Amino acid sequence: MNSEQGRLDEAREQGIAWKKWGPYLSERQWGTVREDYSESGDAWSYFSHDQSRSRAYRWGEDGLAGFSDDKQRLCFALALWNGQDPILKERLFGLTNSEGNHGEDVKEYYFYLDSTPTHSYMKYLYKYPQREYPYADLIETSRTRGREEMEYELIDTGVFAEDRYFDVFVEYAKASPEDVLIQISVWNRGPEPAELQVLPTLWFRNQWSWNDTTERPELSQVSGGASTTTVRALDAKLGARYLYCEEAAPLLFTENETNTQRIFGMPNLSPYVKDSINDSVVHGQSGVLNPEHKGTKVAAQHRVTVPPGECRVIRLRLTDVSPEAFSREKADVSSPFGSRFAAVLEARRQEADEFYSAVIPKSLSADEGLVMRQALAGMLWSKQFYHYDVDQWLDERGCDPFKATRKTAPRNDNWHHMYNGDVISMPDKWEYPWYAAWDLAFHVISLSLVDPDFAKQQLKLMLRERYMHPNGQIPAYEWNFGDVNPPVHAWATIFTYRLEKAQKGEGDREWLKSCFQKLLLNFTWWVNRKDRSGRNVFEGGFLGLDNIGVFDRSAPLPTGGYLEQADGTAWMALYCENMLEIAAELAMTDPDYADMALKFTEHYLWIASAMSHLGGQTGMWDEEDGFFYDVLRRPDGQSERLKVRSMVGLLPLCAATVFEGQLLAKYPDLAERLQWFLESRPELSAAIHDPRKTGAGGRRLASILDETKLRRVLAKMLDENEFLSPHGLRSLSRFHDEHPYVFRAGGQEYRVAYLPAESDTGMFGGNSNWRGPIWMPVNILIIRALLNYHAYYGDEFQVECPTGSGQLMTLFEVAEELGRRLETLFLRGPDGRRPVYGGTEKFQTDGNWRDLILFYEYFHGDNGAGLGASHQTGWTGVIARTMHLFATLSQSQAGIRGKGAYFAATAELTNGHPTPAPATATTR
């Protein structure tokens, strides 16, 4: 037990609101679907970055190092001005989808350095140039670049030359759930003294302009004691809060209201509008700030001149403690900035260290520990209050589905039941400031390392009636809630249950039971909507893998007909296995679930067998190549395999789950019924692994691949000339570098070639590529499968790794090797360089940059350089779970800890089933 764990326990057991305040602002609210009220649905154009400083948001707020309550009523963030920029730096800038040569892209350098799960301590870094920020250069240069060229980044503009920039660190520390200490440390990294205006800003989210019944809150200046400037914030629901600013910094008051004159050419009702602080500071305009020192937005104006290599500190405090209450305290705490301020801040830093010392295995090196901690910090910083009442949004657009004169909305027209108003884990709060269902499934695998309660809550949230469609579909993402993400929710649910059970000795069965009931609805939706012919082969569209196929798999095919997808069918086989596993777990104490276990066993067998043969029709398994492919069914009844060696063909390997036989031992009648089913339908198990065959420890295996197919697929997967890269598994085989797959239809040529970096097409916005790069989530799925296979086959099953090397490994060792390669993306190699940063020398060699880790969306298939969204600690942060797993295993193998630790750790990725120790023990 440590202090932070104590706070987590208090939050769970006593309802103490340690998580009420946190990093719940977005990094980008502009350009989102929620704020889009255009006729065309062009969200990027309707609400631009240029408008964001002047236009009040409808559904949320954004800001630098943003902090708010869990309903985003009262918001705090940083604003900066270097005396050169044309606007205040109040929020992160980036290119829109049409401006970037590879789609939208943030053009800033900011880092989530630390956070505890209750946000009792947090640390953030923003690098702010002292020269004018090159807004126009970034836009114009990016427009001239083609898709075959790399992105033009902020560091490429030369704005950081001679180290003329500020490192602005923001730390938050909670003295109590409602008392937040804030320290801003400004370092001048340049060669000369430099001036900076630091404007910590407090404001209320504008709810009153959209709802006449909402009582308008107010900020006002009050007396707070000598050398302290104080703002009182009054809100009908929050009550009174106070922002104390050390030193007598001037307070600049305005309203969080749209500057209608600038945006719409209509006179403002008041001179005090959202961008008034910007106009006063940057342009020196008078009369734009409220002289009565009240409003709904305020900034404290600090002017600091920082000598080269030195630091200036600004301290604030956001609390429910009034000035009168402070004056009644003892001398050392009678001021908001008395000695207790520094003591609490230092205590929270130490408590964060203690917490992570208990989370990060001792066997990890200092560099590995740094990567793991920043991965988890990034995931905790990526929480966001996500507010989107779709019914209200449709009504405001004139698209109310219950009105006869309604217009048709450009998107989400059939999701009017949805009401989103929760803190949710985001994939990337700038590039993807909205939840995505299959991303979230991977988020919780790492989040459960530090906050199992939040992880479970996130999974259950998507199954609530406010989110899940009445037809059973889980919402995909805000651009199209009705799109189809891979069905991994059940996988994450049983995974999370197993993790908690391994840690605590028992799992949350009530939570598991509740999730299972809703997952039944979702499974039924998949079966009814995505199995076109009822033959247990599935479509689903793009399924999260964007441009991996020959065609856009969510659009009509140029040949007509339809695709039967190897990945869609494999996902559903895994879904069956997950539901079977949940039902089997629940049946151990509740016999009502025993029949459900048998139901999902049979359904799994139908799906698994359908992948390999379809009664004489072309199946997905190609015997010549030893690989799975999508099958094109033409309107004339002809069919063919689309022989692209991609992650689509590796996903069937992931549908592998080990069972101990406890269910059949407890319910002998189930064993008899299953035996009858298999004997009466021998064709179902003829082309897959026979589920009756026992392996190591008497275990049984549910797997699409029998041993022969498994070896053939592994031979390709572990071939360094195909899928295996120095840093993980590629999404497309390198075979297609010299042998592109070409398909001709309707006078057009469709080509799939190996692209290890960015996409060369505009498919799915052009900012995502599954034709070569390394993607963390599918790598993690494969690691889990390998550990399951090893639990079944044991040490006797060995394969060459890499293929052709002559080096034999057990499947445990293959999983460990794959984990090691993924970790090298972020770790310094023997040359001191981190592959994630490629050829960017600043990040590789500068002491103020080289230990700042970014967790990109995906990675170069050959050299590991980070690509796509730069802060996607969402699913890329799952590397923390992999590091934890194999570090813990290595400790026990080396005899540092007992066998119990080894088995518990192994259980994390093998569904709670202990696996035999590898033949050769390795240590880090």
# chains A, B, ... in the order shown; residues from 1 in each chain; ligands from 1
>>> select_by_dssp(residues="segment 445-658 of chain A", states="strand (DSSP E)", output="list in words")
Tyr562, Leu563, Glu564, Trp621, Asp622, Phe627, Phe628, Asp630, Val631, Leu632, Arg633, Ser639, Glu640, Arg641, Leu642, Ala656, Thr657 and Val658 of chain A
>>> write_last_selection(atoms="all heavy atoms", output="compact mmCIF listing (two decimals), in the first residue's frame")
# COMPACT_ATOMS: atom_id res chain seq x y z
N TYR A 562 -19.40 -8.98 -53.41
CA TYR A 562 -19.02 -8.62 -52.05
C TYR A 562 -17.78 -9.39 -51.64
O TYR A 562 -17.35 -10.34 -52.30
CB TYR A 562 -20.18 -8.91 -51.08
CG TYR A 562 -20.61 -10.36 -51.04
CD1 TYR A 562 -20.10 -11.24 -50.08
CD2 TYR A 562 -21.55 -10.85 -51.96
CE1 TYR A 562 -20.49 -12.56 -50.04
CE2 TYR A 562 -21.94 -12.17 -51.92
CZ TYR A 562 -21.42 -13.03 -50.97
OH TYR A 562 -21.80 -14.35 -50.93
N LEU A 563 -17.20 -8.94 -50.52
CA LEU A 563 -16.02 -9.59 -49.96
C LEU A 563 -16.40 -10.41 -48.74
O LEU A 563 -17.19 -9.98 -47.90
CB LEU A 563 -14.99 -8.54 -49.51
CG LEU A 563 -14.14 -7.83 -50.55
CD1 LEU A 563 -13.23 -6.83 -49.86
CD2 LEU A 563 -13.31 -8.82 -51.35
N GLU A 564 -15.81 -11.60 -48.65
CA GLU A 564 -15.83 -12.34 -47.40
C GLU A 564 -14.44 -12.14 -46.78
O GLU A 564 -13.43 -12.51 -47.38
CB GLU A 564 -16.14 -13.81 -47.65
CG GLU A 564 -17.58 -14.01 -48.07
CD GLU A 564 -17.92 -15.44 -48.44
OE1 GLU A 564 -16.98 -16.23 -48.69
OE2 GLU A 564 -19.12 -15.76 -48.50
N TRP A 621 -8.60 -20.07 -46.76
CA TRP A 621 -7.28 -20.69 -46.62
C TRP A 621 -6.75 -21.09 -47.99
O TRP A 621 -7.43 -21.74 -48.77
CB TRP A 621 -7.35 -21.92 -45.72
CG TRP A 621 -6.06 -22.71 -45.66
CD1 TRP A 621 -5.79 -23.88 -46.29
CD2 TRP A 621 -4.87 -22.33 -44.96
NE1 TRP A 621 -4.50 -24.29 -46.01
CE2 TRP A 621 -3.92 -23.35 -45.20
CE3 TRP A 621 -4.51 -21.24 -44.16
CZ2 TRP A 621 -2.63 -23.31 -44.66
CZ3 TRP A 621 -3.23 -21.21 -43.62
CH2 TRP A 621 -2.31 -22.22 -43.87
N ASP A 622 -5.52 -20.68 -48.27
CA ASP A 622 -4.87 -21.02 -49.54
C ASP A 622 -3.80 -22.07 -49.24
O ASP A 622 -2.78 -21.77 -48.61
CB ASP A 622 -4.24 -19.77 -50.16
CG ASP A 622 -3.72 -20.04 -51.56
OD1 ASP A 622 -2.57 -20.53 -51.69
OD2 ASP A 622 -4.46 -19.77 -52.52
N PHE A 627 -1.63 -19.61 -46.26
CA PHE A 627 -2.00 -18.29 -45.72
C PHE A 627 -3.48 -18.06 -45.97
O PHE A 627 -4.10 -18.69 -46.84
CB PHE A 627 -1.17 -17.21 -46.42
CG PHE A 627 -0.96 -15.97 -45.59
CD1 PHE A 627 -0.15 -16.00 -44.47
CD2 PHE A 627 -1.58 -14.78 -45.93
CE1 PHE A 627 0.04 -14.87 -43.70
CE2 PHE A 627 -1.40 -13.64 -45.17
CZ PHE A 627 -0.58 -13.68 -44.05
N PHE A 628 -4.06 -17.15 -45.18
CA PHE A 628 -5.47 -16.78 -45.34
C PHE A 628 -5.59 -15.48 -46.15
O PHE A 628 -4.79 -14.55 -45.98
CB PHE A 628 -6.13 -16.55 -43.97
CG PHE A 628 -6.35 -17.81 -43.18
CD1 PHE A 628 -5.42 -18.23 -42.23
CD2 PHE A 628 -7.50 -18.57 -43.36
CE1 PHE A 628 -5.63 -19.37 -41.49
CE2 PHE A 628 -7.71 -19.73 -42.63
CZ PHE A 628 -6.77 -20.14 -41.68
N ASP A 630 -8.71 -12.66 -48.12
CA ASP A 630 -10.09 -12.29 -48.40
C ASP A 630 -10.55 -13.01 -49.67
O ASP A 630 -9.75 -13.28 -50.58
CB ASP A 630 -10.23 -10.79 -48.63
CG ASP A 630 -10.16 -9.98 -47.34
OD1 ASP A 630 -10.22 -10.58 -46.26
OD2 ASP A 630 -10.02 -8.74 -47.43
N VAL A 631 -11.87 -13.27 -49.74
CA VAL A 631 -12.45 -13.92 -50.92
C VAL A 631 -13.44 -12.97 -51.57
O VAL A 631 -14.33 -12.43 -50.90
CB VAL A 631 -13.15 -15.24 -50.56
CG1 VAL A 631 -13.87 -15.83 -51.77
CG2 VAL A 631 -12.13 -16.25 -50.01
N LEU A 632 -13.25 -12.72 -52.86
CA LEU A 632 -14.16 -11.89 -53.64
C LEU A 632 -15.24 -12.77 -54.25
O LEU A 632 -14.94 -13.70 -55.01
CB LEU A 632 -13.39 -11.16 -54.75
CG LEU A 632 -14.24 -10.39 -55.77
CD1 LEU A 632 -15.01 -9.26 -55.11
CD2 LEU A 632 -13.35 -9.84 -56.88
N ARG A 633 -16.49 -12.53 -53.91
CA ARG A 633 -17.63 -13.22 -54.51
C ARG A 633 -18.26 -12.31 -55.55
O ARG A 633 -18.79 -11.26 -55.23
CB ARG A 633 -18.67 -13.55 -53.44
CG ARG A 633 -18.15 -14.38 -52.26
CD ARG A 633 -17.99 -15.82 -52.59
NE ARG A 633 -17.51 -16.58 -51.44
CZ ARG A 633 -16.94 -17.77 -51.52
NH1 ARG A 633 -16.76 -18.34 -52.71
NH2 ARG A 633 -16.53 -18.40 -50.44
N SER A 639 -15.74 -16.82 -57.83
CA SER A 639 -15.05 -16.28 -56.66
C SER A 639 -13.55 -16.47 -56.81
O SER A 639 -13.09 -17.33 -57.57
CB SER A 639 -15.54 -16.97 -55.38
OG SER A 639 -15.29 -18.37 -55.45
N GLU A 640 -12.81 -15.66 -56.09
CA GLU A 640 -11.35 -15.78 -56.09
C GLU A 640 -10.78 -15.16 -54.83
O GLU A 640 -11.37 -14.27 -54.22
CB GLU A 640 -10.75 -15.11 -57.32
CG GLU A 640 -10.97 -13.60 -57.39
CD GLU A 640 -10.39 -12.99 -58.66
OE1 GLU A 640 -9.16 -12.97 -58.78
OE2 GLU A 640 -11.19 -12.52 -59.50
N ARG A 641 -9.62 -15.67 -54.46
CA ARG A 641 -8.91 -15.10 -53.32
C ARG A 641 -8.10 -13.89 -53.77
O ARG A 641 -7.45 -13.94 -54.82
CB ARG A 641 -7.98 -16.14 -52.69
CG ARG A 641 -8.70 -17.36 -52.14
CD ARG A 641 -7.73 -18.28 -51.40
NE ARG A 641 -8.39 -19.53 -51.06
CZ ARG A 641 -8.25 -20.66 -51.74
NH1 ARG A 641 -7.44 -20.71 -52.78
NH2 ARG A 641 -8.90 -21.75 -51.37
N LEU A 642 -8.14 -12.84 -52.97
CA LEU A 642 -7.31 -11.66 -53.22
C LEU A 642 -6.02 -11.86 -52.45
O LEU A 642 -5.94 -11.63 -51.24
CB LEU A 642 -8.05 -10.40 -52.77
CG LEU A 642 -9.40 -10.15 -53.43
CD1 LEU A 642 -10.06 -8.90 -52.87
CD2 LEU A 642 -9.27 -10.05 -54.94
N ALA A 656 -7.27 -17.86 -30.75
CA ALA A 656 -6.73 -19.01 -30.04
C ALA A 656 -6.92 -18.81 -28.54
O ALA A 656 -6.44 -17.82 -27.99
CB ALA A 656 -5.25 -19.20 -30.36
N THR A 657 -7.62 -19.71 -27.90
CA THR A 657 -7.89 -19.60 -26.48
C THR A 657 -7.73 -20.98 -25.83
O THR A 657 -8.16 -21.99 -26.38
CB THR A 657 -9.32 -19.07 -26.22
OG1 THR A 657 -9.46 -17.81 -26.89
CG2 THR A 657 -9.58 -18.89 -24.74
N VAL A 658 -7.10 -20.99 -24.66
CA VAL A 658 -6.82 -22.23 -23.93
C VAL A 658 -7.85 -22.39 -22.82
O VAL A 658 -8.24 -21.42 -22.15
CB VAL A 658 -5.40 -22.20 -23.34
CG1 VAL A 658 -5.16 -23.40 -22.44
CG2 VAL A 658 -4.37 -22.18 -24.46
>>> residues_around(residues="Arg850 of chain A", least_positions_apart="2", cutoff="12 Å", atoms="only C-alpha atoms", output="PyMOL selection string")
chain A and resi 367+370-371+826-828+832-838+840-848+852-854
>>> closest_residue(among="A:His739, A:His727, A:His689, A:His416", to="Arg466 of chain A", atoms="only C-alpha atoms")
A:His416
>>> residues_around(residues="Thr32 of chain A", least_positions_apart="2", cutoff="9 Å", atoms="only C-alpha atoms", output="ChimeraX atom specification")
/A:28-30,34-36,43-44,47,433-434,478-479
>>> closest_atom_pairs(of="segment 627-738 of chain A", to="segment 800-804 of chain A", cutoff="8 Å", atoms="only C-alpha atoms", output="JSON lines")
{"residue": "A:Ala715", "atom": "CA", "partner": "A:Thr803", "partner_atom": "CA", "distance": 5.9}
{"residue": "A:Lys716", "atom": "CA", "partner": "A:Thr803", "partner_atom": "CA", "distance": 7.6}
{"residue": "A:Leu718", "atom": "CA", "partner": "A:Pro802", "partner_atom": "CA", "distance": 5.2}
{"residue": "A:Asp719", "atom": "CA", "partner": "A:Thr803", "partner_atom": "CA", "distance": 4.7}
{"residue": "A:Glu720", "atom": "CA", "partner": "A:Pro802", "partner_atom": "CA", "distance": 6.5}
{"residue": "A:Leu724", "atom": "CA", "partner": "A:Pro802", "partner_atom": "CA", "distance": 7.7}
